[in-house]
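Structure file data11.cif with mmCIF, C-alpha atoms:
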data_work
loop_
_atom_site.group_PDB
_atom_site.id
_atom_site.type_symbol
_atom_site.label_atom_id
_atom_site.label_comp_id
_atom_site.auth_asym_id
_atom_site.auth_seq_id
_atom_site.Cartn_x
_atom_site.Cartn_y
_atom_site.Cartn_z
ATOM 1 C CA MET Y 7 0.000 0.000 0.000
ATOM 2 C CA SER Y 8 1.339 3.438 -0.864
ATOM 3 C CA THR Y 9 1.776 6.135 1.767
ATOM 4 C CA ALA Y 10 2.308 9.867 1.759
ATOM 5 C CA GLY Y 11 5.820 10.748 0.662
ATOM 6 C CA PHE Y 12 7.521 14.008 -0.133
ATOM 7 C CA ASP Y 13 9.156 13.595 -3.536
ATOM 8 C CA GLU Y 14 12.278 15.610 -4.293
ATOM 9 C CA VAL Y 15 12.008 14.975 -8.045
ATOM 10 C CA ILE Y 16 8.456 16.350 -8.191
ATOM 11 C CA HIS Y 17 9.090 19.105 -5.632
ATOM 12 C CA ALA Y 18 11.180 21.232 -8.034
ATOM 13 C CA PRO Y 19 8.851 24.058 -9.217
ATOM 14 C CA THR Y 20 9.006 23.422 -12.967
ATOM 15 C CA ARG Y 21 8.709 19.664 -12.588
ATOM 16 C CA LEU Y 22 5.816 20.133 -10.170
ATOM 17 C CA GLU Y 23 3.992 22.141 -12.845
ATOM 18 C CA ILE Y 24 4.700 19.527 -15.508
ATOM 19 C CA VAL Y 25 3.589 16.639 -13.309
ATOM 20 C CA SER Y 26 0.472 18.531 -12.124
ATOM 21 C CA LEU Y 27 -0.484 19.215 -15.719
ATOM 22 C CA LEU Y 28 0.075 15.610 -16.759
ATOM 23 C CA ALA Y 29 -1.803 14.313 -13.703
ATOM 24 C CA ALA Y 30 -5.010 15.902 -15.015
ATOM 25 C CA ALA Y 31 -4.366 14.641 -18.547
ATOM 26 C CA GLN Y 32 -4.191 11.307 -20.317
ATOM 27 C CA TRP Y 33 -1.459 12.822 -22.436
ATOM 28 C CA ALA Y 34 -0.291 16.245 -23.483
ATOM 29 C CA GLU Y 35 1.724 17.368 -26.457
ATOM 30 C CA PHE Y 36 5.172 18.830 -25.957
ATOM 31 C CA LYS Y 37 4.040 22.101 -27.572
ATOM 32 C CA TYR Y 38 1.003 22.353 -25.294
ATOM 33 C CA ILE Y 39 3.080 21.829 -22.130
ATOM 34 C CA ARG Y 40 5.715 24.292 -23.340
ATOM 35 C CA ASP Y 41 3.133 26.993 -24.107
ATOM 36 C CA GLN Y 42 1.079 26.447 -20.956
ATOM 37 C CA LEU Y 43 4.093 26.628 -18.666
ATOM 38 C CA GLY Y 44 5.970 29.275 -20.649
ATOM 39 C CA LEU Y 45 9.115 27.179 -21.006
ATOM 40 C CA SER Y 46 11.699 27.031 -23.739
ATOM 41 C CA ASP Y 47 12.062 23.840 -25.777
ATOM 42 C CA SER Y 48 15.386 23.031 -24.154
ATOM 43 C CA ALA Y 49 14.154 23.687 -20.605
ATOM 44 C CA LEU Y 50 11.122 21.460 -21.103
ATOM 45 C CA SER Y 51 13.215 18.725 -22.753
ATOM 46 C CA LYS Y 52 15.608 18.762 -19.811
ATOM 47 C CA GLN Y 53 12.834 18.490 -17.224
ATOM 48 C CA LEU Y 54 10.991 15.789 -19.162
ATOM 49 C CA SER Y 55 14.230 13.811 -19.450
ATOM 50 C CA THR Y 56 14.701 14.032 -15.673
ATOM 51 C CA LEU Y 57 11.146 12.849 -15.099
ATOM 52 C CA GLU Y 58 11.546 10.094 -17.668
ATOM 53 C CA SER Y 59 14.779 8.925 -16.011
ATOM 54 C CA ALA Y 60 12.917 8.784 -12.701
ATOM 55 C CA GLY Y 61 10.318 6.589 -14.389
ATOM 56 C CA TYR Y 62 7.589 9.171 -13.842
ATOM 57 C CA VAL Y 63 6.866 10.158 -17.424
ATOM 58 C CA ASP Y 64 6.412 8.236 -20.653
ATOM 59 C CA ILE Y 65 7.443 10.074 -23.808
ATOM 60 C CA ARG Y 66 5.809 9.109 -27.084
ATOM 61 C CA LYS Y 67 7.139 10.252 -30.437
ATOM 62 C CA SER Y 68 5.078 10.002 -33.586
ATOM 63 C CA PHE Y 69 4.734 11.602 -36.983
ATOM 64 C CA VAL Y 70 1.767 13.512 -38.345
ATOM 65 C CA GLY Y 71 2.578 13.641 -42.041
ATOM 66 C CA LYS Y 72 6.232 14.629 -42.067
ATOM 67 C CA ARG Y 73 6.073 16.545 -38.823
ATOM 68 C CA PRO Y 74 7.316 14.873 -35.664
ATOM 69 C CA ARG Y 75 4.989 15.093 -32.703
ATOM 70 C CA THR Y 76 6.085 14.430 -29.146
ATOM 71 C CA SER Y 77 3.634 13.817 -26.354
ATOM 72 C CA ALA Y 78 4.089 12.992 -22.708
ATOM 73 C CA SER Y 79 2.001 11.149 -20.167
ATOM 74 C CA LEU Y 80 2.399 10.351 -16.504
ATOM 75 C CA SER Y 81 3.422 6.757 -15.899
ATOM 76 C CA ARG Y 82 1.787 4.660 -13.197
ATOM 77 C CA ALA Y 83 4.804 5.243 -10.946
ATOM 78 C CA GLY Y 84 4.659 8.968 -11.694
ATOM 79 C CA ARG Y 85 0.973 9.175 -10.840
ATOM 80 C CA ARG Y 86 1.544 7.313 -7.591
ATOM 81 C CA ALA Y 87 4.512 9.532 -6.703
ATOM 82 C CA PHE Y 88 2.444 12.650 -7.443
ATOM 83 C CA GLU Y 89 -0.440 11.418 -5.292
ATOM 84 C CA GLN Y 90 1.955 10.633 -2.453
ATOM 85 C CA HIS Y 91 3.590 14.031 -2.815
ATOM 86 C CA VAL Y 92 0.202 15.779 -2.604
ATOM 87 C CA ALA Y 93 -0.662 13.712 0.463
ATOM 88 C CA ALA Y 94 2.645 14.728 2.053
ATOM 89 C CA LEU Y 95 1.865 18.406 1.416
ATOM 90 C CA GLN Y 96 -1.570 17.926 2.938
ATOM 91 C CA GLN Y 97 -0.023 16.326 6.019
ATOM 92 C CA ILE Y 98 2.362 19.242 6.454
ATOM 93 C CA ILE Y 99 -0.567 21.675 6.394
ATOM 94 C CA ALA Y 100 -2.724 19.492 8.644
ATOM 95 C CA ARG Y 101 0.053 19.235 11.238
ATOM 96 C CA SER Y 102 0.623 22.964 11.101
ATOM 97 C CA GLN Y 103 -3.098 23.522 11.686
ATOM 98 C CA GLN Y 104 -3.078 21.108 14.617
ATOM 99 C CA ASP Y 105 -0.135 22.989 16.112
ATOM 100 C CA GLY Y 106 -2.002 26.255 15.571
ATOM 101 C CA ASP Y 107 -5.119 24.870 17.296
ATOM 102 C CA ALA Y 108 -3.097 23.516 20.203
ATOM 103 C CA ARG Y 109 -1.184 26.733 20.830
ATOM 104 C CA PRO Y 110 -4.065 28.935 22.095
ATOM 105 C CA THR Y 111 -5.181 26.150 24.470
ATOM 106 C CA ALA Y 112 -1.695 25.901 25.926
ATOM 107 C CA GLU Y 113 -1.511 29.687 26.281
ATOM 108 C CA ALA Y 114 -4.876 29.724 28.038
ATOM 109 C CA GLU Y 115 -3.732 27.018 30.453
ATOM 110 C CA THR Y 116 -0.565 28.991 31.178
ATOM 111 C CA GLY Y 117 -2.694 32.081 31.856
ATOM 112 C CA ILE Y 118 -4.866 30.149 34.339
ATOM 113 C CA LEU Y 119 -1.804 28.848 36.159
ATOM 114 C CA LYS Y 120 -0.328 32.367 36.375
ATOM 115 C CA ARG Y 121 -3.522 33.645 37.952
ATOM 116 C CA MET Z 30 13.380 6.286 -9.311
ATOM 117 C CA GLY Z 31 12.619 9.528 -7.563
ATOM 118 C CA GLY Z 32 13.639 10.300 -4.028
ATOM 119 C CA THR Z 33 10.534 9.836 -1.922
ATOM 120 C CA GLN Z 34 10.726 10.794 1.717
ATOM 121 C CA GLN Z 35 8.301 10.631 4.574
ATOM 122 C CA PRO Z 36 6.637 14.029 5.128
ATOM 123 C CA GLN Z 37 8.682 16.325 7.268
ATOM 124 C CA PRO Z 38 7.222 17.611 10.507
ATOM 125 C CA ALA Z 39 5.342 20.846 10.094
ATOM 126 C CA GLY Z 40 8.068 22.736 11.899
ATOM 127 C CA THR Z 41 7.488 26.357 11.052
ATOM 128 C CA GLY Z 42 4.528 28.123 9.552
ATOM 129 C CA ALA Z 43 6.691 28.892 6.551
ATOM 130 C CA THR Z 44 6.835 25.168 5.665
ATOM 131 C CA ALA Z 45 3.058 24.902 5.796
ATOM 132 C CA THR Z 46 2.744 28.088 3.742
ATOM 133 C CA LYS Z 47 5.071 26.637 1.124
ATOM 134 C CA ALA Z 48 3.079 23.397 1.094
ATOM 135 C CA ALA Z 49 -0.166 25.344 0.664
ATOM 136 C CA ALA Z 50 1.415 27.371 -2.138
ATOM 137 C CA GLU Z 51 2.531 24.154 -3.818
ATOM 138 C CA LEU Z 52 -0.992 22.695 -3.578
ATOM 139 C CA ALA Z 53 -2.429 25.939 -4.976
ATOM 140 C CA GLU Z 54 0.038 25.749 -7.849
ATOM 141 C CA ILE Z 55 -1.016 22.164 -8.580
ATOM 142 C CA GLU Z 56 -4.656 23.202 -8.686
ATOM 143 C CA ARG Z 57 -3.897 26.246 -10.849
ATOM 144 C CA THR Z 58 -2.033 24.096 -13.396
ATOM 145 C CA GLN Z 59 -4.810 21.510 -13.446
ATOM 146 C CA LYS Z 60 -7.359 24.261 -14.006
ATOM 147 C CA HIS Z 61 -5.548 25.132 -17.243
ATOM 148 C CA VAL Z 62 -5.894 21.544 -18.475
ATOM 149 C CA ILE Z 63 -9.583 21.514 -17.550
ATOM 150 C CA LYS Z 64 -10.130 24.867 -19.258
ATOM 151 C CA ALA Z 65 -8.577 23.474 -22.441
ATOM 152 C CA ALA Z 66 -11.177 20.694 -22.419
ATOM 153 C CA LEU Z 67 -14.095 23.117 -22.206
ATOM 154 C CA VAL Z 68 -15.553 24.976 -25.172
ATOM 155 C CA PRO Z 69 -14.914 28.732 -25.434
ATOM 156 C CA VAL Z 70 -17.749 31.271 -25.031
ATOM 157 C CA TRP Z 71 -17.699 32.206 -28.702
ATOM 158 C CA TYR Z 72 -18.677 28.597 -29.488
ATOM 159 C CA TRP Z 73 -22.203 29.174 -28.151
ATOM 160 C CA TRP Z 74 -22.614 32.470 -30.013
ATOM 161 C CA VAL Z 75 -21.543 30.979 -33.373
ATOM 162 C CA MET Z 76 -23.862 28.015 -32.798
ATOM 163 C CA ALA Z 77 -26.712 30.419 -31.908
ATOM 164 C CA ALA Z 78 -26.060 32.531 -35.020
ATOM 165 C CA ALA Z 79 -26.236 29.413 -37.205
ATOM 166 C CA ILE Z 80 -29.572 28.424 -35.627
ATOM 167 C CA VAL Z 81 -31.046 31.912 -36.164
ATOM 168 C CA ALA Z 82 -29.755 31.961 -39.747
ATOM 169 C CA MET Z 83 -31.573 28.687 -40.475
ATOM 170 C CA GLY Z 84 -34.824 30.006 -38.977
ATOM 171 C CA ALA Z 85 -34.588 33.272 -40.878
ATOM 172 C CA ALA Z 86 -33.819 31.434 -44.124
ATOM 173 C CA ARG Z 87 -36.915 29.256 -43.682
ATOM 174 C CA ASP Z 88 -39.024 32.366 -43.142
ATOM 175 C CA SER Z 89 -37.676 34.016 -46.287
ATOM 176 C CA HIS Z 90 -39.294 31.329 -48.517
ATOM 177 C CA ASN Z 91 -36.585 32.180 -51.020
ATOM 178 C CA GLY Z 92 -35.048 29.157 -52.763
ATOM 179 C CA VAL Z 93 -31.643 30.769 -53.292
ATOM 180 C CA VAL Z 94 -31.396 31.980 -49.682
ATOM 181 C CA LEU Z 95 -32.410 28.517 -48.447
ATOM 182 C CA ALA Z 96 -29.949 26.756 -50.779
ATOM 183 C CA ILE Z 97 -27.054 28.848 -49.498
ATOM 184 C CA THR Z 98 -27.924 29.406 -45.832
ATOM 185 C CA ILE Z 99 -29.108 25.952 -44.746
ATOM 186 C CA PRO Z 100 -26.056 23.944 -45.955
ATOM 187 C CA LEU Z 101 -23.712 26.643 -44.647
ATOM 188 C CA ALA Z 102 -25.359 26.687 -41.214
ATOM 189 C CA VAL Z 103 -25.383 22.884 -41.074
ATOM 190 C CA LEU Z 104 -21.662 22.861 -41.949
ATOM 191 C CA VAL Z 105 -20.890 25.395 -39.209
ATOM 192 C CA ILE Z 106 -22.873 23.418 -36.613
ATOM 193 C CA ALA Z 107 -21.262 20.126 -37.712
ATOM 194 C CA ALA Z 108 -17.768 21.657 -37.517
ATOM 195 C CA LEU Z 109 -18.494 22.990 -34.034
ATOM 196 C CA ILE Z 110 -19.780 19.605 -32.853
ATOM 197 C CA ILE Z 111 -16.798 17.728 -34.348
ATOM 198 C CA ALA Z 112 -14.415 20.199 -32.696
ATOM 199 C CA THR Z 113 -15.740 19.176 -29.282
ATOM 200 C CA ILE Z 114 -15.170 15.435 -29.810
ATOM 201 C CA PRO Z 115 -12.291 14.338 -27.552
ATOM 202 C CA GLY Z 116 -9.134 13.757 -29.502
ATOM 203 C CA VAL Z 117 -10.046 16.155 -32.278
ATOM 204 C CA ARG Z 118 -8.857 19.095 -30.230
ATOM 205 C CA ARG Z 119 -5.131 18.822 -30.170
ATOM 206 C CA GLY Z 120 -2.631 19.447 -27.490
ATOM 207 C CA VAL Z 121 -4.025 17.715 -24.460
ATOM 208 C CA ARG Z 122 -6.537 15.065 -23.513
ATOM 209 C CA VAL Z 123 -8.143 15.245 -20.086
ATOM 210 C CA HIS Z 124 -7.719 12.176 -17.921
ATOM 211 C CA GLY Z 125 -10.699 9.821 -17.876
ATOM 212 C CA ALA Z 126 -11.025 10.060 -14.088
ATOM 213 C CA VAL Z 127 -11.457 13.836 -14.357
ATOM 214 C CA LYS Z 128 -14.181 13.819 -17.028
ATOM 215 C CA PRO Z 129 -17.760 14.187 -15.790
ATOM 216 C CA ALA Z 130 -19.012 11.420 -18.094
ATOM 217 C CA ALA Z 131 -22.262 10.569 -16.287
ATOM 218 C CA GLN Z 132 -23.325 14.180 -15.833
ATOM 219 C CA ALA Z 133 -22.414 15.006 -19.457
ATOM 220 C CA ALA Z 134 -24.575 12.109 -20.694
ATOM 221 C CA VAL Z 135 -27.573 13.785 -19.064
ATOM 222 C CA ALA Z 136 -26.702 17.475 -19.375
ATOM 223 C CA ILE Z 137 -25.809 17.628 -23.079
ATOM 224 C CA PRO Z 138 -29.015 15.966 -24.355
ATOM 225 C CA GLY Z 139 -30.838 18.145 -21.796
ATOM 226 C CA LEU Z 140 -29.378 21.288 -23.339
ATOM 227 C CA ILE Z 141 -30.314 20.133 -26.853
ATOM 228 C CA LEU Z 142 -33.870 19.373 -25.690
ATOM 229 C CA LEU Z 143 -34.122 22.783 -24.012
ATOM 230 C CA VAL Z 144 -32.965 24.705 -27.096
ATOM 231 C CA ASP Z 145 -35.123 22.697 -29.511
ATOM 232 C CA GLY Z 146 -38.075 22.789 -27.139
ATOM 233 C CA VAL Z 147 -37.948 26.572 -26.765
ATOM 234 C CA ALA Z 148 -37.460 27.115 -30.517
ATOM 235 C CA ILE Z 149 -40.296 24.767 -31.525
ATOM 236 C CA ALA Z 150 -42.706 25.994 -28.856
ATOM 237 C CA VAL Z 151 -42.194 29.678 -29.703
ATOM 238 C CA SER Z 152 -42.298 29.064 -33.476
ATOM 239 C CA ALA Z 153 -45.482 26.977 -33.214
ATOM 240 C CA THR Z 154 -47.219 29.525 -30.995
ATOM 241 C CA LEU Z 155 -46.300 32.412 -33.276
ATOM 242 C CA THR Z 156 -47.373 30.460 -36.382
ATOM 243 C CA ASP Z 157 -50.752 29.756 -34.752
ATOM 244 C CA HIS Z 158 -51.165 33.470 -34.091
ATOM 245 C CA HIS Z 159 -50.110 34.358 -37.664
ATOM 246 C CA VAL Z 160 -47.199 36.462 -36.456
ATOM 247 C CA LEU Z 161 -44.653 37.459 -39.114
ATOM 248 C CA HIS Z 162 -41.331 35.525 -39.208
ATOM 249 C CA PRO Z 163 -42.313 32.911 -36.637
ATOM 250 C CA LEU Z 164 -39.363 30.599 -37.394
ATOM 251 C CA ALA Z 165 -36.783 33.385 -37.153
ATOM 252 C CA ILE Z 166 -38.227 34.552 -33.816
ATOM 253 C CA GLY Z 167 -38.581 30.977 -32.558
ATOM 254 C CA SER Z 168 -35.020 30.060 -33.485
ATOM 255 C CA GLY Z 169 -33.911 33.348 -31.911
ATOM 256 C CA ALA Z 170 -35.580 32.279 -28.665
ATOM 257 C CA GLY Z 171 -33.864 28.884 -28.868
ATOM 258 C CA ALA Z 172 -30.550 30.591 -29.612
ATOM 259 C CA THR Z 173 -31.019 32.857 -26.588
ATOM 260 C CA ALA Z 174 -31.576 29.785 -24.420
ATOM 261 C CA LEU Z 175 -28.377 28.328 -25.871
ATOM 262 C CA VAL Z 176 -26.157 31.351 -25.176
ATOM 263 C CA ILE Z 177 -27.482 31.500 -21.601
ATOM 264 C CA ALA Z 178 -27.476 27.775 -20.780
ATOM 265 C CA GLY Z 179 -24.324 26.858 -22.735
ATOM 266 C CA PRO Z 180 -21.823 28.876 -20.678
ATOM 267 C CA LEU Z 181 -23.632 27.805 -17.482
ATOM 268 C CA LEU Z 182 -23.193 24.178 -18.529
ATOM 269 C CA ASN Z 183 -19.549 24.902 -19.283
ATOM 270 C CA ARG Z 184 -18.996 26.300 -15.803
ATOM 271 C CA TYR Z 185 -20.824 23.344 -14.268
ATOM 272 C CA PHE Z 186 -18.549 20.902 -16.130
ATOM 273 C CA GLY Z 187 -15.499 22.921 -15.121
ATOM 274 C CA ARG Z 188 -16.443 22.683 -11.436
ATOM 275 C CA LEU Z 189 -17.161 18.955 -11.736
ATOM 276 C CA MET Z 190 -13.834 18.295 -13.439
ATOM 277 C CA LEU Z 191 -11.904 20.219 -10.815
ATOM 278 C CA ARG Z 192 -13.728 18.317 -8.087
ATOM 279 C CA ASN Z 193 -12.982 15.030 -9.866
ATOM 280 C CA ALA Z 194 -9.299 15.984 -10.131
ATOM 281 C CA ARG Z 195 -9.187 16.628 -6.369
ATOM 282 C CA GLN Z 196 -11.037 13.413 -5.549
ATOM 283 C CA HIS Z 197 -8.845 11.446 -7.916
ATOM 284 C CA ILE Z 198 -5.866 12.447 -5.792
ATOM 285 C CA SER Z 199 -7.470 12.194 -2.357
ATOM 286 C CA GLU Z 200 -9.011 8.789 -3.127
ATOM 287 C CA ALA Z 201 -5.734 7.253 -4.213
ATOM 288 C CA PRO Z 202 -4.978 4.071 -2.256
ATOM 289 C CA GLY Z 203 -3.289 4.750 1.042
ATOM 290 C CA LEU Z 204 -3.843 8.480 0.904
ATOM 291 C CA GLY Z 205 -6.062 10.443 3.193
ATOM 292 C CA GLY Z 206 -7.594 13.874 3.440
ATOM 293 C CA PRO Z 207 -9.617 15.513 0.716
ATOM 294 C CA TRP Z 208 -8.184 18.551 -0.983
ATOM 295 C CA HIS Z 209 -11.191 20.748 -0.590
ATOM 296 C CA GLY Z 210 -10.547 21.172 3.116
ATOM 297 C CA LEU Z 211 -7.080 22.464 2.509
ATOM 298 C CA LEU Z 212 -7.580 24.712 -0.451
ATOM 299 C CA SER Z 213 -9.941 27.630 -0.719
ATOM 300 C CA SER Z 214 -12.925 27.190 -3.025
ATOM 301 C CA ASP Z 215 -11.334 29.223 -5.777
ATOM 302 C CA PRO Z 216 -7.630 29.911 -5.611
ATOM 303 C CA GLY Z 217 -7.870 31.536 -9.025
ATOM 304 C CA ASP Z 218 -4.749 32.067 -11.035
ATOM 305 C CA ARG Z 219 -2.438 33.056 -8.232
ATOM 306 C CA SER Z 220 1.195 32.381 -8.763
ATOM 307 C CA PRO Z 221 3.029 30.265 -6.181
ATOM 308 C CA HIS Z 222 4.876 33.362 -5.047
ATOM 309 C CA HIS Z 223 1.656 35.293 -4.656
ATOM 310 C CA ALA Z 224 -0.072 32.392 -2.940
ATOM 311 C CA GLY Z 225 2.819 32.093 -0.536
ATOM 312 C CA SER Z 226 2.724 35.748 0.328
ATOM 313 C CA THR Z 227 -0.944 35.558 1.197
ATOM 314 C CA GLY Z 228 -0.654 32.495 3.333
ATOM 315 C CA GLY Z 229 -1.008 29.874 0.639
ATOM 316 C CA GLY Z 230 -4.074 28.260 -0.853
ATOM 317 C CA GLY Z 231 -6.473 29.539 1.734
ATOM 318 C CA SER Z 232 -7.694 28.624 5.134
ATOM 319 C CA PRO Z 233 -9.653 25.443 5.790
#
Rewrite the structure from the file as structure tokens, please.
Amino acid sequence: MSTAGFDEVIHAPTRLEIVSLLAAAQWAEFKYIRDQLGLSDSALSKQLSTLESAGYVDIRKSFVGKRPRTSASLSRAGRRAFEQHVAALQQIIARSQQDGDARPTAEAETGILKR
Amino acid sequence: MGGTQQPQPAGTGATATKAAAELAEIERTQKHVIKAALVPVWYWWVMAAAIVAMGAARDSHNGVVLAITIPLAVLVIAALIIATIPGVRRGVRVHGAVKPAAQAAVAIPGLILLVDGVAIAVSATLTDHHVLHPLAIGSGAGATALVIAGPLLNRYFGRLMLRNARQHISEAPGLGGPWHGLLSSDPGDRSPHHAGSTGGGGSP
């Protein structure tokens, strides 16, 4: 069973955007990702290669007529890692909220003791 | 494989703010994908214009006008319908788990029935009362229903898809906690930097 896990590969801002985009999609074309995220071809290629090396992204290359078309999709491992990363973020916030809720109670108790 | 770690303790508020900003950024990016799957506002207006053109052409009782307008309007409507078929629109395909398939199966025929129903009812009533240009006015009424209900339907699908995207993550095996409690109802298009400066994706 998978658990929440903070993922350093996904955590990087540009890769987080790419993975978030792909998580909502079955696939997305290279051009679409590039335009949506405002990246250069080389920057996107580099990040996709990193994600592909991590086993998080599947790259598919095809031809439409004579034009090459590259599309990317999140692999099963990538989707799981993304879900775990989101869960880890949620846990961080939830713990922070619990700490925030606990603090006033502790302060109130201290106040009672002082009196 | 990527370096997965157990979540760090909350530590400072800054960590939680960064986490909230990251979640807001995820939602903002996913909103772009969802938006790409929805039809633009002009779609409804072009469709409405084609419907009115057909009604007006029928009222003209002019063979030449009918021969030109009807095929042209049918072509426009067909092109608009084909453009909405998944896969035809290039660039991105929304994940199956995000699509509101069941609701769409009811809502889209419902919209068609509404538009046709309004157009036919108004046209028939006006024809009975011998009002001039009953088909043009009737199709105009149907077109008005379309430009009002179409964007509303679009927004409804957008909300459903965003909700599905959140549930898809929160319902993943072994994961807990729905997103909607952690993010505000509409984080909009805030940048991560902006979201961070305002305390992240909103208060629960």
(request) Could you list, as a list in words, the residues of chain Y having an atom within 6 Å of chain Z when counting all atoms listed in the file? (result)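 Close enough to count are Met7, Ser8, Thr9, Gly11, Phe12, Asp13, Glu14, Val15, Ser26, Leu27, Ala30, Ala31, Gln32, Trp33, Ala34, Glu35, Tyr38, Ala60, Gly61, Glu89, Ala94, Leu95, Ile98, Ile99, Arg101 and Ser102 of chain Y.
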(request) Check what the PyMOL selection byres ((chain Z and resi 89-99) around 12) selects in the file above and give those residues as a list of chain:residue names. (result)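 Applied to this file, the PyMOL selection byres ((chain Z and resi 89-99) around 12) selects Z:Ala78, Z:Ala79, Z:Ile80, Z:Val81, Z:Ala82, Z:Met83, Z:Gly84, Z:Ala85, Z:Ala86, Z:Arg87, Z:Asp88, Z:Pro100, Z:Leu101, Z:Ala102, Z:Val103, Z:Leu104, Z:Val105, Z:Ile106, Z:Leu161, Z:His162, Z:Pro163, Z:Leu164, Z:Ala165.
Interatomic distance, CA of Gly179 (chain Z) against CA of Trp73 (chain Z): 6.3 Å.
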(message) Can you spell out as a ChimeraX atom specification the set of residues that the PyMOL selection byres ((chain Z and resi 167) around 7) selects in the structure I just provided?
(response) /Z:148-149,151-152,163-166,168-171
Could you turn the residues from that selection into a file that holds C-alpha atoms, as a PDB file, keeping the file's coordinate frame?
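That gives us again_3.pdb:
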ATOM      1  CA  ALA Z 148     -37.460  27.115 -30.517  1.00  0.00           C
ATOM      2  CA  ILE Z 149     -40.296  24.767 -31.525  1.00  0.00           C
ATOM      3  CA  VAL Z 151     -42.194  29.678 -29.703  1.00  0.00           C
ATOM      4  CA  SER Z 152     -42.298  29.064 -33.476  1.00  0.00           C
ATOM      5  CA  PRO Z 163     -42.313  32.911 -36.637  1.00  0.00           C
ATOM      6  CA  LEU Z 164     -39.363  30.599 -37.394  1.00  0.00           C
ATOM      7  CA  ALA Z 165     -36.783  33.385 -37.153  1.00  0.00           C
ATOM      8  CA  ILE Z 166     -38.227  34.552 -33.816  1.00  0.00           C
ATOM      9  CA  SER Z 168     -35.020  30.060 -33.485  1.00  0.00           C
ATOM     10  CA  GLY Z 169     -33.911  33.348 -31.911  1.00  0.00           C
ATOM     11  CA  ALA Z 170     -35.580  32.279 -28.665  1.00  0.00           C
ATOM     12  CA  GLY Z 171     -33.864  28.884 -28.868  1.00  0.00           C
TER      13      GLY Z 171
END
(request) Quote the spacing between CA of Leu45 (chain Y) and CA of Arg21 (chain Y) in Å to one decimal place. (result)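 CA of Arg21 (chain Y) lies 11.3 Å from CA of Leu45 (chain Y).
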(message) Can you measure CA of Met76 (chain Z) to CA of Ala172 (chain Z) for me? One decimal in Å is fine.
(response)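 Separation between CA of Met76 (chain Z) and CA of Ala172 (chain Z): 7.8 Å.
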Applying 12 Å and all atoms listed in the file, which residues near Pro74 (chain Y) remain after dropping the ones on its own chain fewer than 5 positions away? List them as a short mmCIF file (atom, residue, chain, number, x, y, z; two decimals) with C-alpha atoms, in the coordinates of the input.
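Everything below was put into result.cif:
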data_model
loop_
_atom_site.label_atom_id
_atom_site.label_comp_id
_atom_site.auth_asym_id
_atom_site.auth_seq_id
_atom_site.Cartn_x
_atom_site.Cartn_y
_atom_site.Cartn_z
CA GLU Y 35 1.72 17.37 -26.46
CA PHE Y 36 5.17 18.83 -25.96
CA LYS Y 37 4.04 22.10 -27.57
CA ARG Y 66 5.81 9.11 -27.08
CA LYS Y 67 7.14 10.25 -30.44
CA SER Y 68 5.08 10.00 -33.59
CA PHE Y 69 4.73 11.60 -36.98
#
(message) Which residues are close to Asp47 (chain Y), i.e. within 12 Å by all atoms listed in the file, leaving aside same-chain residues fewer than 4 positions away? Reply as a PyMOL selection string.
(response) chain Y and resi 36-41+43+51-54+76
(request) Please identify all polymer residues within 9 Å of Val63 (chain Y), counting only C-alpha atoms, omitting same-chain residues fewer than 6 positions from it, and present them as a ChimeraX atom specification. (result) /Y:25,28,54-57,78-85
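The residues returned by the PyMOL selection byres ((chain Z and resi 184) around 12) for this structure are Lys60, Ile63, Lys64, Ala66, Leu67, Val68, Pro69, Val70, Ile177, Ala178, Gly179, Pro180, Leu181, Leu182, Asn183, Tyr185, Phe186, Gly187, Arg188, Leu189, Met190 and Leu191 of chain Z.
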(request) Would you mind telling me which residue in Z:Val160, Z:Val75, Z:Ala130, Z:Leu175 lies nearest to Asp145 (chain Z) when using all atoms listed in the file? (result)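 Residue with the minimum atom-to-atom distance to Asp145 (chain Z): Z:Leu175.
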Please put the answer as JSON: centre and edge lengths, in Å with one decimal, of a box along x, y and z that encloses all listed atoms of region 136-148 of chain Z plus 4 Å on each side.
{"center_x": -31.9, "center_y": 21.5, "center_z": -24.9, "size_x": 20.3, "size_y": 19.1, "size_z": 19.1}
(request) Return the single residue from Y:Ile65, Y:Val92, Y:Gln104, Y:Gln97 that is closest to Gln196 (chain Z), with distances computed using all atoms listed in the file. (result) Y:Val92
